[in-house]
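**Student:** My structure is below; once you've seen it, I'll send some questions.
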Amino acid sequence: MEWKYEDPEINNLKISCSNLKTLLQTSVNMQISLAKMDTSFDLLQETLSATSKSIAPLQTHAMTAKALETRINRAMSPALTLLKSFKLAESLQHKLLSIGSKLSMKHIDPEKRLHKLIKYVDCVDQLNSAIDSVCQECEPTIQKLQETVEFLSRTKATDQFRIQRLRETLVTLKALYETEIEAMRYEGLLDEALLTLQDEYENILLQLNHALFLGHEVVNKDVEGSDQAITGRDDVIHDLGSELEVQVLRRISETLTRTDCLDICIDIYVKARYRRAAKALMRLNPDYLRRYTPEEINEMEWVTLETSITLWIQHFQLAVKTVFVSEKKLCNQVFLEIMDGLIWAECFVKITDKIMAVFFRFGEGVARSSKEPQKLFKLLDMFESLEKLEVEFSEIFDGDAGSDICSRFRELQKLLVHASTKVFWEFGLQIEGNHDGFPPPQDGSVPKLVRYAVNYLKYLSADQYQTSMAKVLRIEQMWKAGFLSKPDSDENLLQDAISNVMEALERNIEFKKSRYKDRVLPHVFSMNTYWYIYMRSRNSELGNILGEQLLKKKYKTVAEESAYMYQRQAWGPIIKLLENEAEPKKAYNSKKEVVSVLARGKMEAFMKGFEDNLQKHRSGYYNIPDEDLKEQLREATVNLVVPVYVEYLETYSLVLKVRSFPSPDTVQAMLMQVFNAKENPNITRRRHLIDQLGGRNSGSAYGSSEIKEFER
């Protein structure tokens, strides 16, 4: 057997050679296929080139069609939106007419009507928005359509006939925009609806009435004039209108503002609310406000002017605290959301400006009128009322809108301060300069000027006016000396001012006293006058201001001295007739007839002087009107005259026919009668006016008690 040995490497080489042959064959085959494919690609490229040349015109038309579609869509989209807006506006107009017909129905419930009115306002707002949309969309839509027509005309994408129709339609749309759209906005149903809202707005405003406190009831008159009485207080602020009414007013105001009718809205509001506020105050019958110039006020009778000023104070407070506060609140509620709340304050000031001007001019007229003394108290009342209202007034008329009214308020305060102080100082000057004006009373009684001045100062010193007068004096002093100066205390200012008037009064009294020619009357006059001043001033606020010690020193002491001089001048001479040469009876035993003649002569002279004095008192020649003073003088005169008379009768009883002359009891009764003494056991004994009076028995004074104040 033949063995054959094969090398492994040879086998591997053979396999590799076989694989290479296969690979080369495959490459040859692939090259043949690629050659065929290259031929196919060349044919395809030739086909594509031919096809591309064939469809090139179609591609251009497609691009043109796409551009045309885009142009048309850009024009149609806003056109369709515009048509929808037109359709919405038309439907809202029908809805508005429907709601308007329901509003015009009679016998509809007021609350339901307000709800219908809110729906009407909503519909007006929607219609206004729809018309605004139409107005805003119409011009861009026409612009887009015009661009499309120009594009079609330029590209000749359609025939000339259609282009002409499109141009005619475009002209029609422009004409519609220029006429119909403007008419729809300003002359159509929207305009009528706005006029309706304005009428409703005014009607609601006129129906909101003020409730004012008159007497014990709050009277509220509606438009037709019927009265509704509502129990209440004058410091209670009554809201104007219900929440629903205020909501309707606010909605209408906002709607009118959005439709460029804000000026009309404000005008309607101001006129309507001014009418309501003025009519509310006119129900108080302020006829006094018709006369306001200083000349007209000077011609008014004092009682009428006094009543007018009192009413002015009450009405001014009522207007500020109730009417104006309510009006301000309503203005705020209605206009707060409009223009960021910048106009409501101006509306409120426009409403109140004329009313405040009427009140101010009357107050200014009073302050500028003649400075008669009796006006001081009413001027102080006016000043005090403004002082109490100042803080609240500043709060009501705060901000720039109310600055003019606040300035006039402060100016009125200044006028009242000047007028009050001028009246007071001129009162003192009038007393000082009254030397030649009136003669002294012929009977020695208290002059009317003194009575008036004392009661005037006493009234001024009362709690009601003391504080106000002191405040006015302090303000006047600060204005004159400067605000940096340190003013005196209110108490010192008032005391100095009243003391000056009292000193002027004293000088007036002394001048009148010097004009008497009778030797007794000056003392009767001085006694009556100074006693009156003392009695009217003591135990009063005037006495507290002047001081008790000053009253006693300047008035009580002078009255006592005058009373002593009255006794001395009136009764002293006739008492001396009985006191002179009163020798014992034994010294005249040898001259009985002579003594009898002398004694009778003195007694007759005494009785003549006694009767003369009595007659002067009875006839009112010596008038002592004060009952307390008269009683004390009676006691002093009885104690002065009767004991001397009794002693004289006892001394000359042997030489005189005693029965020929009045008995001591008769003399005492005559004195009691002339001083108007009445037999009354309940009369309380009063202290003597003057301890020195009473002649020999001056020490037998009765126990003292307080003297009642003389009533004016």
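Just remember, in the structure tokens the first chain shown is A, the second B, etc., residues are 1-based per chain, and ligands are 1-based in the order shown.
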Do a neighbour search on Phe359 in chain A at 9 Å with only C-alpha atoms, toss out local chain neighbours closer than 6 positions, and write the hits as a PyMOL selection string.
**Tutor:** chain A and resi 289+312+315-316
**Student:** Would you mind exporting the chosen residues as a PDB file, in the first residue's frame, restricted to N, CA and C atoms?
**Tutor:**
```pdb
ATOM      1  N   LEU A 289     -81.303 133.464  54.938  1.00  0.00           N
ATOM      2  CA  LEU A 289     -80.099 133.488  54.106  1.00  0.00           C
ATOM      3  C   LEU A 289     -80.236 134.414  52.904  1.00  0.00           C
ATOM      4  N   TRP A 312     -78.947 129.700  61.728  1.00  0.00           N
ATOM      5  CA  TRP A 312     -77.750 129.496  60.904  1.00  0.00           C
ATOM      6  C   TRP A 312     -76.824 128.482  61.552  1.00  0.00           C
ATOM      7  N   HIS A 315     -78.503 125.006  61.277  1.00  0.00           N
ATOM      8  CA  HIS A 315     -78.548 124.522  59.893  1.00  0.00           C
ATOM      9  C   HIS A 315     -77.148 124.219  59.363  1.00  0.00           C
ATOM     10  N   PHE A 316     -76.175 125.026  59.756  1.00  0.00           N
ATOM     11  CA  PHE A 316     -74.793 124.785  59.326  1.00  0.00           C
ATOM     12  C   PHE A 316     -74.303 123.439  59.859  1.00  0.00           C
TER      13      PHE A 316
END
```
**Student:** Leaving out Ile204 in chain A and any residue of its chain fewer than 3 positions from it, which residues lie within 9 Å of it when counting only C-alpha atoms, given as a CSV table (one decimal) with all heavy atoms, in the first residue's frame?
**Tutor:**
```csv
chain,number,residue,atom,x,y,z
A,199,ASP,N,-81.1,109.1,31.7
A,199,ASP,CA,-82.4,109.4,32.3
A,199,ASP,C,-82.6,108.6,33.6
A,199,ASP,O,-83.1,109.1,34.6
A,199,ASP,CB,-83.6,109.2,31.3
A,199,ASP,CG,-83.5,110.2,30.1
A,199,ASP,OD1,-82.9,111.2,30.3
A,199,ASP,OD2,-84.1,109.8,29.1
A,200,GLU,N,-82.4,107.3,33.5
A,200,GLU,CA,-82.5,106.4,34.6
A,200,GLU,C,-81.6,106.9,35.8
A,200,GLU,O,-81.9,106.9,36.9
A,200,GLU,CB,-82.3,105.0,34.3
A,200,GLU,CG,-83.3,104.4,33.3
A,200,GLU,CD,-84.6,104.2,33.9
A,200,GLU,OE1,-84.7,104.2,35.2
A,200,GLU,OE2,-85.6,104.0,33.2
A,201,TYR,N,-80.4,107.2,35.4
A,201,TYR,CA,-79.4,107.7,36.3
A,201,TYR,C,-79.8,108.9,37.1
A,201,TYR,O,-79.8,109.0,38.3
A,201,TYR,CB,-78.1,108.0,35.5
A,201,TYR,CG,-76.8,108.2,36.3
A,201,TYR,CD1,-76.2,107.2,37.0
A,201,TYR,CD2,-76.2,109.5,36.3
A,201,TYR,CE1,-75.1,107.5,37.8
A,201,TYR,CE2,-75.1,109.7,37.0
A,201,TYR,CZ,-74.5,108.7,37.7
A,201,TYR,OH,-73.3,108.9,38.4
A,207,GLN,N,-84.3,110.4,43.4
A,207,GLN,CA,-85.1,109.7,44.4
A,207,GLN,C,-84.4,109.5,45.7
A,207,GLN,O,-85.0,109.1,46.7
A,207,GLN,CB,-85.5,108.4,43.8
A,207,GLN,CG,-86.5,108.5,42.7
A,207,GLN,CD,-86.8,107.2,42.0
A,207,GLN,OE1,-86.3,106.1,42.4
A,207,GLN,NE2,-87.5,107.2,40.9
A,208,LEU,N,-83.1,109.7,45.8
A,208,LEU,CA,-82.3,109.5,47.0
A,208,LEU,C,-82.4,110.8,47.9
A,208,LEU,O,-81.8,111.8,47.6
A,208,LEU,CB,-80.9,109.1,46.7
A,208,LEU,CG,-80.7,107.9,45.8
A,208,LEU,CD1,-79.2,107.7,45.7
A,208,LEU,CD2,-81.4,106.7,46.4
A,241,GLY,N,-79.8,105.8,49.7
A,241,GLY,CA,-80.1,104.7,48.8
A,241,GLY,C,-79.7,103.3,49.4
A,241,GLY,O,-78.8,103.2,50.2
A,245,GLU,N,-79.5,100.2,44.8
A,245,GLU,CA,-79.5,101.4,44.1
A,245,GLU,C,-78.1,102.0,43.9
A,245,GLU,O,-77.8,102.5,42.8
A,245,GLU,CB,-80.3,102.5,44.9
A,245,GLU,CG,-81.8,102.2,44.9
A,245,GLU,CD,-82.6,103.1,45.8
A,245,GLU,OE1,-82.1,103.4,46.9
A,245,GLU,OE2,-83.7,103.5,45.5
A,248,VAL,N,-76.5,100.0,41.1
A,248,VAL,CA,-77.0,100.5,39.8
A,248,VAL,C,-76.3,101.8,39.4
A,248,VAL,O,-75.9,101.9,38.2
A,248,VAL,CB,-78.5,100.6,39.8
A,248,VAL,CG1,-79.0,101.3,38.5
A,248,VAL,CG2,-79.2,99.3,40.0
A,249,LEU,N,-76.2,102.7,40.3
A,249,LEU,CA,-75.6,104.0,40.0
A,249,LEU,C,-74.1,103.8,39.6
A,249,LEU,O,-73.6,104.4,38.7
A,249,LEU,CB,-75.7,104.9,41.2
A,249,LEU,CG,-77.1,105.5,41.5
A,249,LEU,CD1,-77.1,106.2,42.8
A,249,LEU,CD2,-77.6,106.4,40.4
```
**Student:** Could you work out how far CA of Leu127 in chain A lies from CA of Leu173 in chain A, giving the answer in Å with one decimal?
**Tutor:**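 Value for the CA of Leu173 in chain A-CA of Leu127 in chain A distance: 21.3 Å.
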**Student:** Would you pick out the contacts of Lys378 in chain A at 9 Å or less, using only C-alpha atoms, so that residues sharing its chain but fewer than 5 positions from it are not included, and give the list as a ChimeraX atom specification?
**Tutor:** /A:306,309-310,383
**Student:** Using only C-alpha atoms, which of the listed residues (A:Asn455, A:Gln374, A:Ser562, A:Ser660) sits closest to Met535 in chain A?
**Tutor:**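 Ranking A:Asn455, A:Gln374, A:Ser562, A:Ser660 by distance to Met535 in chain A, first place goes to A:Asn455.
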**Student:** What separation in Å, quoted to one decimal, exists between CA of Ser420 in chain A and CA of Gln464 in chain A?
**Tutor:**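 Between these atoms lies a distance of 15.1 Å.
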**Student:** Write out as a PyMOL selection string all residues of range 197-370 of chain A that DSSP puts in strand (DSSP E) for this structure's backbone.
**Tutor:** chain A and resi 212-214+217-221+227-230
**Student:** Once you have the residues from the selection above, write them out as a compact mmCIF listing (two decimals), in the first residue's frame, restricted to N, CA, C and O atoms.
**Tutor:**
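Full text of selection_7.txt as output:
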```
# COMPACT_ATOMS: atom_id res chain seq x y z
N LEU A 212 -83.75 114.50 57.56
CA LEU A 212 -83.23 115.53 58.46
C LEU A 212 -84.00 115.52 59.76
O LEU A 212 -85.22 115.33 59.80
N PHE A 213 -83.29 115.77 60.86
CA PHE A 213 -83.89 115.79 62.18
C PHE A 213 -84.56 117.14 62.40
O PHE A 213 -83.91 118.17 62.45
N LEU A 214 -85.89 117.12 62.51
CA LEU A 214 -86.65 118.34 62.77
C LEU A 214 -87.54 118.10 63.98
O LEU A 214 -88.48 117.33 63.92
N GLU A 217 -88.78 114.40 65.08
CA GLU A 217 -88.92 113.45 63.99
C GLU A 217 -87.92 113.75 62.90
O GLU A 217 -87.48 114.88 62.73
N VAL A 218 -87.59 112.73 62.16
CA VAL A 218 -86.77 112.90 60.97
C VAL A 218 -87.71 112.92 59.79
O VAL A 218 -88.39 111.94 59.50
N VAL A 219 -87.79 114.07 59.10
CA VAL A 219 -88.74 114.23 58.01
C VAL A 219 -88.02 114.01 56.69
O VAL A 219 -86.99 114.60 56.43
N ASN A 220 -88.61 113.16 55.86
CA ASN A 220 -88.02 112.85 54.56
C ASN A 220 -89.08 113.07 53.50
O ASN A 220 -90.06 112.33 53.44
N LYS A 221 -88.91 114.08 52.70
CA LYS A 221 -89.87 114.36 51.63
C LYS A 221 -89.38 113.75 50.34
O LYS A 221 -88.26 113.99 49.92
N ASP A 227 -94.67 113.15 52.96
CA ASP A 227 -93.77 113.13 54.10
C ASP A 227 -93.68 111.73 54.68
O ASP A 227 -94.67 111.03 54.81
N GLN A 228 -92.49 111.35 55.06
CA GLN A 228 -92.27 110.10 55.75
C GLN A 228 -91.56 110.43 57.04
O GLN A 228 -90.47 110.99 57.03
N ALA A 229 -92.18 110.14 58.17
CA ALA A 229 -91.58 110.44 59.47
C ALA A 229 -90.81 109.23 59.96
O ALA A 229 -91.32 108.13 60.01
N ILE A 230 -89.56 109.48 60.30
CA ILE A 230 -88.67 108.42 60.76
C ILE A 230 -88.06 108.86 62.07
O ILE A 230 -87.43 109.90 62.15
```
**Student:** Can you list, as a VMD selection string, all residues belonging to range 256-299 of chain A that DSSP tags as alpha helix (DSSP H)?
**Tutor:** chain A and resid 256 to 258 262 to 282 294 to 299
**Student:** So how many Å separate CA of Tyr530 in chain A and CA of Ala462 in chain A, to one decimal?
**Tutor:** 21.2 Å
**Student:** Near Leu103 in chain A, counting only C-alpha atoms, which residues have an atom at most 9 Å away, once you skip same-chain residues fewer than 5 positions from it, shown as a list of chain:residue names?
**Tutor:**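 What passes the distance filter is A:Ser98, A:Ile108, A:Arg113, A:Lys116, A:Leu117, A:Tyr120.
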**Student:** Generate the output file for the selected residues, N, CA and C atoms, as a PDB file, in the first residue's frame.
**Tutor:**
```pdb
ATOM      1  N   SER A  98     -85.709  94.294  23.933  1.00  0.00           N
ATOM      2  CA  SER A  98     -86.603  93.473  24.757  1.00  0.00           C
ATOM      3  C   SER A  98     -86.562  93.916  26.223  1.00  0.00           C
ATOM      4  N   ILE A 108     -94.401  98.245  37.869  1.00  0.00           N
ATOM      5  CA  ILE A 108     -93.394  97.224  38.110  1.00  0.00           C
ATOM      6  C   ILE A 108     -92.760  97.467  39.477  1.00  0.00           C
ATOM      7  N   ARG A 113     -87.385  96.253  39.096  1.00  0.00           N
ATOM      8  CA  ARG A 113     -86.989  97.174  38.034  1.00  0.00           C
ATOM      9  C   ARG A 113     -85.484  97.461  38.096  1.00  0.00           C
ATOM     10  N   LYS A 116     -83.767  94.579  36.569  1.00  0.00           N
ATOM     11  CA  LYS A 116     -83.878  94.676  35.115  1.00  0.00           C
ATOM     12  C   LYS A 116     -82.907  95.725  34.571  1.00  0.00           C
ATOM     13  N   LEU A 117     -82.758  96.803  35.336  1.00  0.00           N
ATOM     14  CA  LEU A 117     -81.864  97.875  34.895  1.00  0.00           C
ATOM     15  C   LEU A 117     -80.410  97.403  34.882  1.00  0.00           C
ATOM     16  N   TYR A 120     -80.035  95.532  31.816  1.00  0.00           N
ATOM     17  CA  TYR A 120     -79.978  96.494  30.709  1.00  0.00           C
ATOM     18  C   TYR A 120     -78.570  97.076  30.591  1.00  0.00           C
TER      19      TYR A 120
END
```
**Student:** Looking at only C-alpha atoms, which of A:Val121, A:Leu83, A:Val28, A:Leu240 is the one that sits closest to Ser133 in chain A?
**Tutor:**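 Selected residue with least distance to Ser133 in chain A: A:Leu83.
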**Student:** As a list in words, please: the residues near Ser385 in chain A (cut-off 9 Å, only C-alpha atoms, same-chain neighbours under 5 positions excluded).
**Tutor:**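 Contacts, with the query itself left out: Ile313, Gln314, Phe316, Gln317, Leu380 and Glu390 of chain A.
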**Student:** Neighbouring residues of Arg408 in chain A were defined as those with any atom within 12 Å, considering only C-alpha atoms; residues of the same chain fewer than 6 positions away were excluded. Please report them as a list in words.
**Tutor:** Asp353, Met356, Ala357, Val358, Phe359, Phe360, Arg361, Gly363, Glu364, Leu386, Phe393, Ser394, Phe397, Gly402, Lys414 and Leu415 of chain A
**Student:** Those selected residues, please, written with C-alpha atoms and delivered as a PDB file, in the first residue's frame.
**Tutor:**
```
ATOM      1  CA  ASP A 353     -69.671 124.454  47.001  1.00  0.00           C
ATOM      2  CA  MET A 356     -71.447 126.327  51.573  1.00  0.00           C
ATOM      3  CA  ALA A 357     -71.102 129.667  49.785  1.00  0.00           C
ATOM      4  CA  VAL A 358     -74.627 130.621  50.913  1.00  0.00           C
ATOM      5  CA  PHE A 359     -73.827 129.745  54.540  1.00  0.00           C
ATOM      6  CA  PHE A 360     -70.442 131.460  54.414  1.00  0.00           C
ATOM      7  CA  ARG A 361     -71.733 134.723  52.979  1.00  0.00           C
ATOM      8  CA  GLY A 363     -71.763 134.378  58.433  1.00  0.00           C
ATOM      9  CA  GLU A 364     -69.370 136.844  56.806  1.00  0.00           C
ATOM     10  CA  LEU A 386     -67.231 126.471  64.048  1.00  0.00           C
ATOM     11  CA  PHE A 393     -65.164 119.833  58.616  1.00  0.00           C
ATOM     12  CA  SER A 394     -61.504 119.298  57.714  1.00  0.00           C
ATOM     13  CA  PHE A 397     -63.358 118.519  52.852  1.00  0.00           C
ATOM     14  CA  GLY A 402     -61.774 120.882  49.335  1.00  0.00           C
ATOM     15  CA  LYS A 414     -60.878 134.879  61.620  1.00  0.00           C
ATOM     16  CA  LEU A 415     -63.689 137.308  60.865  1.00  0.00           C
TER      17      LEU A 415
END
```
**Student:** With only C-alpha atoms as the basis for distance, which of A:Pro447, A:Gly572, A:Gly547, A:Gly100 is at the shortest distance from Tyr532 in chain A?
**Tutor:** A:Pro447
